[in-house]
Structures are given as C-alpha cells and as structure tokens.
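Here is input.txt, consisting of compact mmCIF, C-alpha atoms:
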```
# COMPACT_ATOMS: atom_id res chain seq x y z
CA MET A 1 -5.48 -53.17 54.79
CA GLY A 2 -4.92 -49.44 54.55
CA ALA A 3 -5.35 -47.16 51.57
CA PHE A 4 -2.64 -47.33 48.92
CA TYR A 5 -2.17 -44.58 46.29
CA CYS A 6 -0.84 -45.75 42.90
CA ALA A 7 0.99 -43.03 40.95
CA ILE A 8 0.78 -45.04 37.71
CA CYS A 9 -2.99 -45.53 37.84
CA ARG A 10 -3.55 -42.20 39.64
CA GLN A 11 -6.05 -43.67 42.03
CA THR A 12 -6.30 -44.87 45.62
CA SER A 13 -6.72 -48.59 46.22
CA PHE A 14 -8.02 -50.05 49.48
CA SER A 15 -6.74 -53.52 48.72
CA GLY A 16 -3.20 -52.62 49.73
CA LYS A 17 -0.15 -53.30 47.58
CA ALA A 18 -1.89 -56.24 45.98
CA HIS A 19 -3.11 -53.65 43.47
CA ILE A 20 0.24 -53.69 41.64
CA PHE A 21 -0.29 -57.34 40.61
CA GLY A 22 -3.63 -56.65 38.96
CA LYS A 23 -4.15 -56.60 35.19
CA SER A 24 -5.25 -52.98 35.17
CA HIS A 25 -2.06 -51.77 36.87
CA GLN A 26 0.24 -53.90 34.74
CA SER A 27 -1.39 -52.77 31.49
CA LYS A 28 -1.08 -49.06 32.44
CA LEU A 29 2.52 -49.65 33.55
CA LYS A 30 3.32 -51.15 30.16
CA VAL A 31 1.87 -48.10 28.37
CA VAL A 32 3.94 -45.73 30.53
CA LEU A 33 7.18 -47.65 29.95
CA VAL A 34 6.64 -47.82 26.18
CA LYS A 35 5.95 -44.07 26.07
CA PHE A 36 9.06 -43.25 28.11
CA LEU A 37 11.20 -45.75 26.18
CA GLU A 38 10.56 -43.88 22.90
CA LYS A 39 12.12 -40.72 24.36
CA VAL A 40 15.05 -42.71 25.77
CA LYS A 41 15.76 -44.35 22.39
CA GLU A 42 15.66 -40.98 20.66
CA ALA A 43 18.15 -39.65 23.22
CA ARG A 44 20.43 -42.69 22.85
CA ARG A 45 20.72 -42.08 19.09
CA THR A 46 22.48 -38.78 19.82
CA ILE A 47 25.28 -40.47 21.78
CA LYS A 48 27.14 -41.40 18.61
CA ASN A 49 25.96 -38.43 16.58
CA PRO A 50 25.16 -35.41 18.78
CA GLN A 51 22.99 -32.66 17.30
CA VAL A 52 24.13 -29.09 17.94
CA GLU A 53 21.84 -26.24 16.90
CA LYS A 54 21.50 -22.53 17.41
CA PHE A 55 19.38 -21.66 20.46
CA ASP A 56 15.67 -21.20 19.84
CA CYS A 57 13.55 -20.28 22.84
CA THR A 58 10.44 -21.86 21.31
CA GLN A 59 12.06 -25.26 20.70
CA HIS A 60 14.92 -25.72 23.16
CA LYS A 61 13.17 -24.98 26.46
CA ARG A 62 11.19 -28.20 26.56
CA LYS A 63 11.02 -30.50 29.57
CA CYS A 64 10.22 -34.18 29.92
CA TRP A 65 8.90 -36.25 32.83
CA CYS A 66 11.03 -39.01 34.33
CA TYR A 67 8.66 -41.69 35.61
CA CYS A 68 11.45 -43.49 37.47
CA CYS A 69 12.40 -40.46 39.61
CA GLY A 70 9.05 -38.64 39.51
CA LEU A 71 10.80 -35.43 38.39
CA GLU A 72 10.60 -33.02 35.47
CA VAL A 73 14.00 -32.59 33.81
CA GLU A 74 15.34 -30.38 31.03
CA ARG A 75 15.48 -32.21 27.71
CA ASP A 76 18.30 -30.14 26.12
CA VAL A 77 21.45 -28.40 27.36
CA THR A 78 21.97 -24.78 26.29
CA ASP A 79 24.01 -21.74 27.22
CA GLY A 80 21.64 -19.27 25.55
CA ASP A 81 23.55 -19.36 22.25
CA ILE A 82 24.15 -23.02 21.36
CA THR A 83 21.95 -26.01 22.21
CA VAL A 84 22.85 -29.71 22.47
CA LEU A 85 19.73 -31.77 21.86
CA PHE A 86 18.82 -34.38 24.53
CA GLY A 87 21.90 -33.42 26.54
CA GLY A 88 19.90 -32.72 29.70
CA LEU A 89 18.02 -36.02 29.59
CA LEU A 90 21.22 -38.03 29.06
CA GLU A 91 22.96 -36.27 31.96
CA HIS A 92 20.00 -37.01 34.23
CA MET A 93 19.91 -40.69 33.26
CA ALA A 94 23.63 -41.02 33.98
CA ARG A 95 23.35 -39.75 37.57
CA PRO A 96 23.43 -42.18 40.55
CA GLU A 97 20.13 -40.76 41.82
CA HIS A 98 18.40 -41.83 38.62
CA ARG A 99 19.93 -45.29 38.83
CA LYS A 100 18.69 -45.66 42.41
CA GLY A 101 15.24 -44.32 41.50
CA THR A 102 14.98 -46.73 38.57
CA HIS A 103 15.70 -49.75 40.78
CA THR A 104 13.12 -48.53 43.31
CA PHE A 105 10.51 -47.95 40.59
CA TRP A 106 11.02 -51.47 39.19
CA TRP A 107 10.78 -53.03 42.65
CA GLU A 108 7.62 -51.17 43.66
CA ASN A 109 5.73 -51.70 40.40
CA LYS A 110 7.03 -55.21 39.59
CA ALA A 111 8.02 -54.21 36.03
CA ASP A 112 9.88 -56.41 33.55
CA PRO A 113 13.54 -56.65 34.71
CA LYS A 114 14.77 -56.99 31.11
CA LEU A 115 13.77 -53.36 30.35
CA ARG A 116 15.46 -51.78 33.38
CA ASP A 117 18.94 -51.37 31.89
CA LYS A 118 17.53 -49.54 28.86
CA PHE A 119 16.58 -46.60 31.10
CA ILE A 120 20.08 -46.19 32.57
CA ILE A 121 23.08 -44.49 30.91
CA THR A 122 26.46 -45.91 31.91
CA GLU A 123 29.57 -43.82 32.58
CA ASN A 124 31.30 -45.09 29.43
CA GLU A 125 28.38 -44.03 27.28
CA MET A 126 28.39 -40.60 28.92
CA GLU A 127 32.12 -40.13 28.32
CA ARG A 128 31.70 -41.07 24.69
CA PHE A 129 28.83 -38.61 24.39
CA LYS A 130 30.97 -35.78 25.78
CA ILE A 131 33.77 -36.52 23.30
CA GLU A 132 31.36 -36.51 20.37
CA VAL A 133 29.75 -33.29 21.62
CA ALA A 134 33.16 -31.56 21.65
CA LYS A 135 33.73 -32.56 18.02
CA ALA A 136 30.24 -31.45 17.02
CA LEU A 137 30.73 -28.07 18.70
CA GLY A 138 33.99 -27.54 16.78
CA SER A 139 32.37 -28.28 13.42
CA PHE A 140 29.38 -26.10 14.30
CA GLU A 141 31.62 -23.14 15.15
CA GLU A 142 33.49 -23.58 11.85
CA LYS A 143 30.22 -23.51 9.91
CA GLU A 144 29.14 -20.40 11.81
CA ASP A 145 32.44 -18.67 10.98
CA GLU A 146 32.04 -19.53 7.30
CA LEU A 147 28.51 -18.18 7.34
CA ILE A 148 29.66 -14.96 8.98
CA ASN A 149 32.42 -14.53 6.39
CA GLU A 150 29.93 -15.06 3.55
CA GLN A 151 27.60 -12.47 5.03
CA ALA A 152 30.47 -10.02 5.46
CA THR A 153 31.55 -10.53 1.84
CA HIS A 154 28.00 -9.93 0.66
CA ILE A 155 27.77 -6.74 2.73
CA ARG A 156 31.07 -5.45 1.32
CA ALA A 157 29.91 -6.18 -2.24
CA GLN A 158 26.68 -4.29 -1.63
CA GLU A 159 28.57 -1.33 -0.19
CA GLN A 160 30.95 -1.26 -3.16
CA HIS A 161 28.02 -1.36 -5.58
CA ARG A 162 26.36 1.51 -3.73
CA GLN A 163 29.55 3.59 -3.94
CA GLU A 164 29.83 2.92 -7.68
CA VAL A 165 26.24 3.99 -8.28
CA LEU A 166 26.76 7.15 -6.21
CA GLN A 167 29.95 7.98 -8.14
CA SER A 168 28.18 7.49 -11.47
CA LEU A 169 25.52 9.99 -10.38
CA ILE A 170 28.06 12.59 -9.22
CA GLU A 171 30.22 12.55 -12.40
CA PRO A 172 27.45 13.72 -14.83
CA LYS A 173 26.79 16.65 -12.50
CA ALA A 174 30.41 17.81 -12.76
CA GLU A 175 30.38 17.42 -16.56
CA LEU A 176 27.13 19.43 -16.76
CA GLU A 177 28.64 22.29 -14.73
CA LEU A 178 31.70 22.28 -16.97
CA SER A 179 29.56 22.41 -20.13
CA ASN A 180 27.53 25.30 -18.66
CA ALA A 181 30.76 27.24 -18.10
CA GLU A 182 32.02 26.65 -21.64
CA GLY A 183 28.61 27.13 -23.28
CA PRO A 184 28.73 30.92 -24.04
CA CYS A 185 32.15 30.78 -25.71
CA ASN A 186 31.21 27.86 -27.91
CA SER A 187 27.89 29.46 -28.91
CA VAL A 188 29.70 32.62 -30.12
CA ASP A 189 32.20 30.62 -32.18
CA GLU A 190 29.45 28.50 -33.70
CA ALA A 191 27.40 31.58 -34.59
CA SER A 192 30.35 33.27 -36.34
CA SER A 193 31.35 30.15 -38.22
CA SER A 194 27.85 29.24 -39.34
CA SER A 195 26.73 32.74 -40.36
CA HIS A 196 28.31 32.31 -43.83
CA TYR A 197 26.43 29.09 -44.57
CA ARG A 198 22.89 29.84 -43.35
CA THR A 199 19.95 28.91 -45.50
CA PRO A 200 16.39 30.22 -45.38
CA GLY A 201 14.68 28.54 -42.44
CA SER A 202 17.91 27.53 -40.72
CA ASP A 203 17.45 30.28 -38.11
CA GLU A 204 14.19 28.76 -36.94
CA GLN A 205 15.73 25.30 -36.74
CA ALA A 206 18.69 26.58 -34.74
CA ARG A 207 16.42 28.54 -32.42
CA SER A 208 14.18 25.53 -31.79
CA GLY A 209 17.21 23.32 -31.19
CA ARG A 210 18.62 25.77 -28.63
CA ASP A 211 15.28 25.99 -26.88
CA ASP A 212 15.04 22.22 -26.64
CA ARG A 213 18.56 21.99 -25.24
CA MET A 214 17.85 24.68 -22.65
CA VAL A 215 14.62 23.02 -21.56
CA ALA A 216 16.33 19.65 -21.35
CA ARG A 217 19.12 21.23 -19.29
CA GLN A 218 16.60 22.75 -16.88
CA TRP A 219 14.83 19.41 -16.43
CA ALA A 220 18.09 17.49 -15.92
CA GLY A 221 18.37 18.17 -12.18
CA PRO A 222 21.44 17.24 -10.14
CA GLY A 223 21.65 13.48 -9.69
CA GLN A 224 18.37 12.80 -11.51
CA GLY A 225 18.17 11.02 -14.85
CA LEU A 226 15.10 12.91 -16.12
CA THR A 227 14.26 13.14 -19.82
CA PHE A 228 12.24 15.95 -21.41
CA ILE A 229 9.64 14.44 -23.75
CA GLY A 230 8.37 17.72 -25.20
CA TYR A 231 5.27 19.80 -24.67
CA GLN A 232 1.94 18.05 -24.63
CA ASP A 233 -0.62 19.29 -27.13
CA SER A 234 -3.78 20.21 -25.22
CA SER A 235 -5.46 22.27 -27.94
CA ASN A 236 -8.24 19.73 -28.41
CA CYS A 237 -9.73 20.35 -24.98
CA GLY A 238 -9.88 23.47 -22.84
CA ASN A 239 -8.70 23.96 -19.28
CA VAL A 240 -9.16 26.40 -16.44
CA HIS A 241 -6.56 28.75 -17.94
CA THR A 242 -8.45 29.05 -21.23
CA GLY A 243 -11.79 29.68 -19.52
CA ALA A 244 -13.22 26.19 -19.90
CA ILE A 245 -15.53 24.62 -17.32
CA PRO A 246 -13.62 22.38 -14.86
CA PRO A 247 -14.40 18.66 -15.09
CA TRP A 248 -15.90 18.55 -11.57
CA LEU A 249 -18.48 21.18 -12.57
CA GLN A 250 -19.52 19.52 -15.81
CA GLU A 251 -22.65 17.40 -15.90
CA ASP A 252 -21.12 15.33 -18.70
CA PRO A 253 -17.38 14.54 -18.28
CA GLN A 254 -17.03 14.51 -22.07
CA GLU A 255 -18.48 18.03 -22.39
CA GLY A 256 -16.17 20.53 -24.06
CA ARG A 257 -14.09 17.93 -25.88
CA SER A 258 -13.81 17.92 -29.61
CA GLY A 259 -14.42 14.84 -31.69
CA THR A 260 -16.76 11.97 -31.13
CA MET A 261 -17.69 10.62 -27.74
CA GLU A 262 -15.40 7.94 -26.41
CA GLN A 263 -16.94 4.51 -26.33
CA GLU A 264 -17.47 3.09 -22.86
CA ILE A 265 -14.96 0.35 -22.06
CA GLY A 266 -16.09 -2.82 -20.35
CA PRO A 267 -19.56 -3.92 -19.20
CA SER A 268 -22.11 -1.44 -17.94
CA LEU A 269 -23.08 -1.02 -14.31
CA GLN A 270 -26.34 -2.92 -14.78
CA ASP A 271 -24.51 -5.87 -16.35
CA PHE A 272 -22.02 -5.87 -13.49
CA LEU A 273 -24.77 -5.90 -10.83
CA LYS A 274 -26.62 -8.63 -12.69
CA GLN A 275 -23.46 -10.76 -12.89
CA LYS A 276 -22.78 -10.16 -9.19
CA GLU A 277 -26.30 -11.31 -8.32
CA GLN A 278 -25.83 -14.44 -10.41
CA GLU A 279 -22.59 -15.23 -8.60
CA LYS A 280 -24.46 -15.06 -5.28
CA LEU A 281 -27.18 -17.38 -6.57
CA LYS A 282 -24.60 -19.98 -7.68
CA LYS A 283 -23.69 -20.61 -4.04
CA LEU A 284 -27.29 -21.58 -3.19
CA PRO A 285 -28.63 -25.13 -3.75
CA PRO A 286 -30.06 -25.46 -7.27
CA ASN A 287 -33.12 -27.46 -6.11
CA ARG A 288 -34.27 -24.96 -3.50
CA VAL A 289 -37.85 -23.73 -3.31
CA GLY A 290 -38.40 -20.84 -5.70
CA ALA A 291 -35.21 -21.37 -7.69
CA ASN A 292 -37.13 -21.45 -10.98
CA PHE A 293 -39.61 -18.73 -10.06
CA ASP A 294 -40.22 -16.22 -12.84
CA HIS A 295 -39.83 -12.81 -11.23
CA SER A 296 -40.87 -11.03 -14.42
CA SER A 297 -44.40 -12.47 -14.29
CA GLN A 298 -47.26 -10.14 -13.34
CA THR A 299 -49.01 -11.12 -10.10
CA ASP A 300 -51.82 -9.55 -8.12
CA ALA A 301 -51.06 -7.82 -4.83
CA ASN A 302 -53.64 -10.05 -3.04
CA TRP A 303 -52.29 -13.40 -4.23
CA LEU A 304 -51.21 -14.49 -0.74
CA PRO A 305 -53.74 -16.59 1.22
CA SER A 306 -55.55 -14.96 4.10
CA PHE A 307 -55.92 -17.19 7.16
CA GLY A 308 -55.67 -15.79 10.66
CA ARG A 309 -53.88 -12.65 9.46
CA VAL A 310 -50.55 -14.44 9.44
CA TRP A 311 -49.29 -12.22 6.64
CA ASN A 312 -50.25 -8.96 8.35
CA SER A 313 -47.73 -6.83 10.17
CA GLY A 314 -47.31 -7.51 13.86
CA ARG A 315 -46.85 -10.61 15.96
CA ARG A 316 -48.80 -13.84 15.78
CA TRP A 317 -50.28 -13.49 19.26
CA GLN A 318 -51.71 -10.11 18.26
CA SER A 319 -53.35 -11.69 15.23
CA ARG A 320 -54.67 -14.50 17.45
CA HIS A 321 -56.24 -12.10 19.95
CA GLN A 322 -57.67 -9.97 17.17
CA PHE A 323 -59.12 -13.05 15.50
CA ARG A 324 -60.72 -14.20 18.78
CA GLU A 325 -62.20 -10.75 19.44
CA GLU A 326 -63.77 -10.65 16.00
CA GLU A 327 -64.97 -14.22 16.39
CA GLY A 328 -66.64 -13.28 19.70
CA GLN A 329 -68.29 -10.25 18.13
CA THR A 330 -69.57 -12.40 15.29
CA ASN A 331 -70.97 -14.97 17.73
CA ARG A 332 -72.69 -12.27 19.80
CA GLN A 333 -74.26 -10.75 16.72
CA LYS A 334 -75.38 -14.20 15.61
CA ARG A 335 -76.98 -14.92 19.00
CA LYS A 336 -78.81 -11.58 18.92
CA ARG A 337 -80.18 -12.38 15.49
CA ASP A 338 -81.29 -15.81 16.66
CA GLN A 339 -83.01 -14.37 19.72
CA GLY A 340 -84.77 -11.74 17.61
CA ALA A 341 -86.00 -14.39 15.19
CA GLU A 342 -87.29 -16.58 18.05
CA GLY A 343 -89.20 -13.61 19.54
CA THR A 344 -91.02 -12.90 16.29
CA LYS A 345 -91.93 -16.52 15.70
CA LYS A 346 -93.24 -17.13 19.30
CA PRO A 347 -97.05 -18.02 19.10
CA LYS A 348 -99.62 -16.11 21.15
CA LEU A 349 -101.41 -17.96 23.96
CA PRO A 350 -105.26 -18.31 23.59
CA GLU A 351 -107.31 -16.05 25.86
CA GLN A 352 -109.04 -17.75 28.73
CA GLN A 353 -112.75 -17.48 28.83
```

How does the structure come out when it is put into structure tokens?
Amino acid sequence: MGAFYCAICRQTSFSGKAHIFGKSHQSKLKVVLVKFLEKVKEARRTIKNPQVEKFDCTQHKRKCWCYCCGLEVERDVTDGDITVLFGGLLEHMARPEHRKGTHTFWWENKADPKLRDKFIITENEMERFKIEVAKALGSFEEKEDELINEQATHIRAQEQHRQEVLQSLIEPKAELELSNAEGPCNSVDEASSSSHYRTPGSDEQARSGRDDRMVARQWAGPGQGLTFIGYQDSSNCGNVHTGAIPPWLQEDPQEGRSGTMEQEIGPSLQDFLKQKEQEKLKKLPPNRVGANFDHSSQTDANWLPSFGRVWNSGRRWQSRHQFREEEGQTNRQKRKRDQGAEGTKKPKLPEQQ
C-alpha cells in the first residue's frame, strides 16, 4: 500500500484508504462537520429574513472555509456601500460545483449520508432568498432616506439658530451707534431743563453717573456683552506703580500687605508628605519584617553584626579574599610565636667528657 494523505486529519497514512474507516478519522470528521454545520445554519436563517447593513471594512470582509470544496469563499456580498450578510456563502452553496464537491467529499470520507443535504442550497431556496433581499434593500434605503432627512432638518435648525444669534448681536451695535449720535443733543436739553432744580451735591452725582456711563460705553465693544463692574480698590496693598516691592522679589509673599497675616489653608507640606508615605505603606503586606519597627528609637551606629565584613562596602568576593589574607597573616604570626617559644624552651645538651 502506498502513502495516503488525509486532509481531515492533516497527516499521511501508510495503510492506504483504510485510514478513513478508523475511529480517529471518523471522530475528527464529525468535529469538522459540526463546526461547518453551525455556519451553514446561521446562513440558512437569513433566507427568510435577510440582514442588510451599511458596509464596514472591519466586519464585512470576512471569509470562511468550505470543507466540501476545499476553498475559501467570501461570507458576505457587498458593493462597497451596502452589505448582505451571508450572501456570498449562500451563493457558493447553491452552485453546481459545490453540489458536486459535497458528493465527492461524502464519498471519500464515508460521512453520514443524512447530513449531506444540509450543506446544499437548492434553487428554490436561492430564488426565495433573492426576493427577500430585494425587499430588505428597499426598506433599508427608505430608512437611510429618513435618516438623511432628519440630519438635514437638524442642520437647517442649527443654521437658523446661528443666524438668529448673529442678528441679535448686530442689532445692539446699531442701537449703540444711534444713541452715540443723539447723545450730545440730549445732554444739552437735560442740562438746561435740570439747571433750575439742582440741589447741593447733585452736580457730583450727575458727574459720577456720566463717568460711569462713558466707561460702560467704552467697555461695551461691538458684538461683546461685557459689563463694567467698577474700579477695584487696591489701596490696601502697593504695586509697582506706587513704588512697592514686586511679589517675586519679596522674601515673604505677605510682605507689604496691611492687616493680619492670612491663615494657611489646608494641611502643611510636612503633613502632606507624611500622608503620602502612609499611602505607600498601605500597599505593603502588614505582616512584613520590620513593619512595626520604631524608627524614632535611638540606636548605636555599630549595632549591626560583624562577620566576614558582609556589611562593608564592596563585593562579597573582595571581603572573602581580604578575610583570607588577614587569616593567613594571623596564622603566620602565630607560627612565628610558637617557633620562638619552642626555641627558648629547648634544653641544652650535657657536655661530653
């Protein structure tokens, strides 16, 4: 027997076509058919109720794999503006080539014959689908026209509102120019008519009133609804025009101001930093080592243990070599002391007669 490649199992079998009768092949074939049947059922639901949507390049350019033909087909049908969902898959399943490929696939893989007709779209079903698609396209175009009309009405309303606002801003300007032209004549008439009825102090009131009106007229620019709120009293604190020190040159920002010092609002900088540090500590585990350590306690600088100079600066291997060198020096000195002690304690030999 020659080698036989199975597209369902994606492997080469050397037992010939007897591979298709095995349990492994039949189980994988069942999984493939169930997976493909879900897409076919979803496409068949649109025969009676087609779904028409506006084209979206991220959703309506999908493709699906036809296991019966071994081809990749377009799932939807679109013209770049309108999309009919599952139209491409239904058209492919209605073609004679797909029908022929389905029969061949069932014969080669020995699939269940009862499921074969579910993967084929008849001509009657395709005609019905086309009729329903025509109706769905008509209703979709009507909805689009209504939406366009609503948007156009909204745009016209916005434009009308803008024109009304612009007209309301232009009319006060014309009235202001007219009042400026008639102002001198009216002021002369008012002065002549009110000169007989003036009281002490009325001159100052009239003068202040005229000044306020003139200032308000100067501030009321063309097309701007500005309101003059009066002069601000800045006699309590000096400025650069009165010879006072500028704020950026003062050591104390409150220097040069009359009255008591303003009370600081909010927490101080130290309280803020302390609270920020506490927020960082809340994220750490509460039972960690050193969580309850009292940092305010007084400790000696030499409280750390000294073994092998682990706590000194530098690397551990440097401490190890340094420790060994000192240990060797200590051993040499010890041996010298031992040899010196042995030399002093050595007894003298008796003289031979």

task = Up to 10 Å from (8.2, -35.1, 32.7) in the file's coordinates: name the residues, counting only C-alpha atoms, as number ranges by chain.
result = A: 36, 62-67, 69-75

Could you please take those selected residues and save C-alpha atoms as a PDB file, keeping the file's coordinate frame?
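Just written: again35.pdb:
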```pdb
ATOM      1  CA  PHE A  36       9.060 -43.250  28.110  1.00  0.00           C
ATOM      2  CA  ARG A  62      11.190 -28.200  26.560  1.00  0.00           C
ATOM      3  CA  LYS A  63      11.020 -30.500  29.570  1.00  0.00           C
ATOM      4  CA  CYS A  64      10.220 -34.180  29.920  1.00  0.00           C
ATOM      5  CA  TRP A  65       8.900 -36.250  32.830  1.00  0.00           C
ATOM      6  CA  CYS A  66      11.030 -39.010  34.330  1.00  0.00           C
ATOM      7  CA  TYR A  67       8.660 -41.690  35.610  1.00  0.00           C
ATOM      8  CA  CYS A  69      12.400 -40.460  39.610  1.00  0.00           C
ATOM      9  CA  GLY A  70       9.050 -38.640  39.510  1.00  0.00           C
ATOM     10  CA  LEU A  71      10.800 -35.430  38.390  1.00  0.00           C
ATOM     11  CA  GLU A  72      10.600 -33.020  35.470  1.00  0.00           C
ATOM     12  CA  VAL A  73      14.000 -32.590  33.810  1.00  0.00           C
ATOM     13  CA  GLU A  74      15.340 -30.380  31.030  1.00  0.00           C
ATOM     14  CA  ARG A  75      15.480 -32.210  27.710  1.00  0.00           C
TER      15      ARG A  75
END
```

query = Excluding same-chain residues fewer than 4 positions from Leu29 (chain A), what lies within 9 Å of it counting only C-alpha atoms, as an NGL selection string?
reply = :A and (8-9 or 24-25 or 33-34 or 109 or 111)

task = To one decimal in Å, tell me the separation between CA of Ile120 (chain A) and CA of Ala94 (chain A).
result = 6.4 Å

May I have the centre and edge lengths, in Å to one decimal, of an axis-aligned box around the listed atoms of region 97-100 of chain A with 5 Å added to every side, as AutoDock Vina command-line options?
```
--center_x 19.3 --center_y -43.2 --center_z 40.5 --size_x 11.7 --size_y 14.9 --size_z 13.8
```

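The space between CA of Val32 (chain A) and CA of Ile20 (chain A) spans 14.2 Å.
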
Please tabulate, as a tab-separated table, the residues of region 31-54 of chain A that come within 12 Å of region 134-138 of chain A, each with its closest pair of atoms and the distance in Å to one decimal, counting all atoms listed in the file and ordering rows by chain, then residue number upward.
```
residue	atom	partner	partner_atom	distance
A:Thr46	CA	A:Ala136	CA	11.0
A:Ile47	CA	A:Ala136	CA	11.3
A:Lys48	CA	A:Ala136	CA	10.5
A:Asn49	CA	A:Ala136	CA	8.2
A:Pro50	CA	A:Ala136	CA	6.7
A:Gln51	CA	A:Ala136	CA	7.4
A:Val52	CA	A:Ala136	CA	6.6
A:Glu53	CA	A:Leu137	CA	9.3
A:Lys54	CA	A:Leu137	CA	10.8
```

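Closest approach to Glu42 (chain A) among A:Ile155, A:Ile265, A:Leu89, A:Ala18: A:Leu89, based on all atoms listed in the file.
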
Around (18.4, -22.3, 20.7) in the file's frame, which residues reach within 9 Å when counting all atoms listed in the file? Return as an mmCIF file with C-alpha atoms, in the frame of the given file?
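point-v7.cif, written as the output of this step:
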```cif
data_model
loop_
_atom_site.group_PDB
_atom_site.id
_atom_site.type_symbol
_atom_site.label_atom_id
_atom_site.label_comp_id
_atom_site.auth_asym_id
_atom_site.auth_seq_id
_atom_site.Cartn_x
_atom_site.Cartn_y
_atom_site.Cartn_z
ATOM 1 C CA GLU A 53 21.840 -26.240 16.900
ATOM 2 C CA LYS A 54 21.500 -22.530 17.410
ATOM 3 C CA PHE A 55 19.380 -21.660 20.460
ATOM 4 C CA ASP A 56 15.670 -21.200 19.840
ATOM 5 C CA CYS A 57 13.550 -20.280 22.840
ATOM 6 C CA THR A 58 10.440 -21.860 21.310
ATOM 7 C CA GLN A 59 12.060 -25.260 20.700
ATOM 8 C CA HIS A 60 14.920 -25.720 23.160
ATOM 9 C CA LYS A 61 13.170 -24.980 26.460
ATOM 10 C CA THR A 78 21.970 -24.780 26.290
ATOM 11 C CA ASP A 79 24.010 -21.740 27.220
ATOM 12 C CA GLY A 80 21.640 -19.270 25.550
ATOM 13 C CA ASP A 81 23.550 -19.360 22.250
ATOM 14 C CA ILE A 82 24.150 -23.020 21.360
ATOM 15 C CA THR A 83 21.950 -26.010 22.210
ATOM 16 C CA VAL A 84 22.850 -29.710 22.470
#
```

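Between CA of Cys68 (chain A) and CA of Glu38 (chain A) lies a distance of 14.6 Å.
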
request  = Would you list the contacts of Arg99 (chain A) as a list in words, taking every protein, DNA or RNA residue within 10 Å and counting all atoms listed in the file, but skipping same-chain residues closer than 6 positions in sequence?
outcome  =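 After dropping sequence-adjacent residues, the list is Cys68, Cys69, His92, Met93, Phe105, Arg116, Asp117, Phe119, Ile120, Ile121 and Thr122 of chain A.
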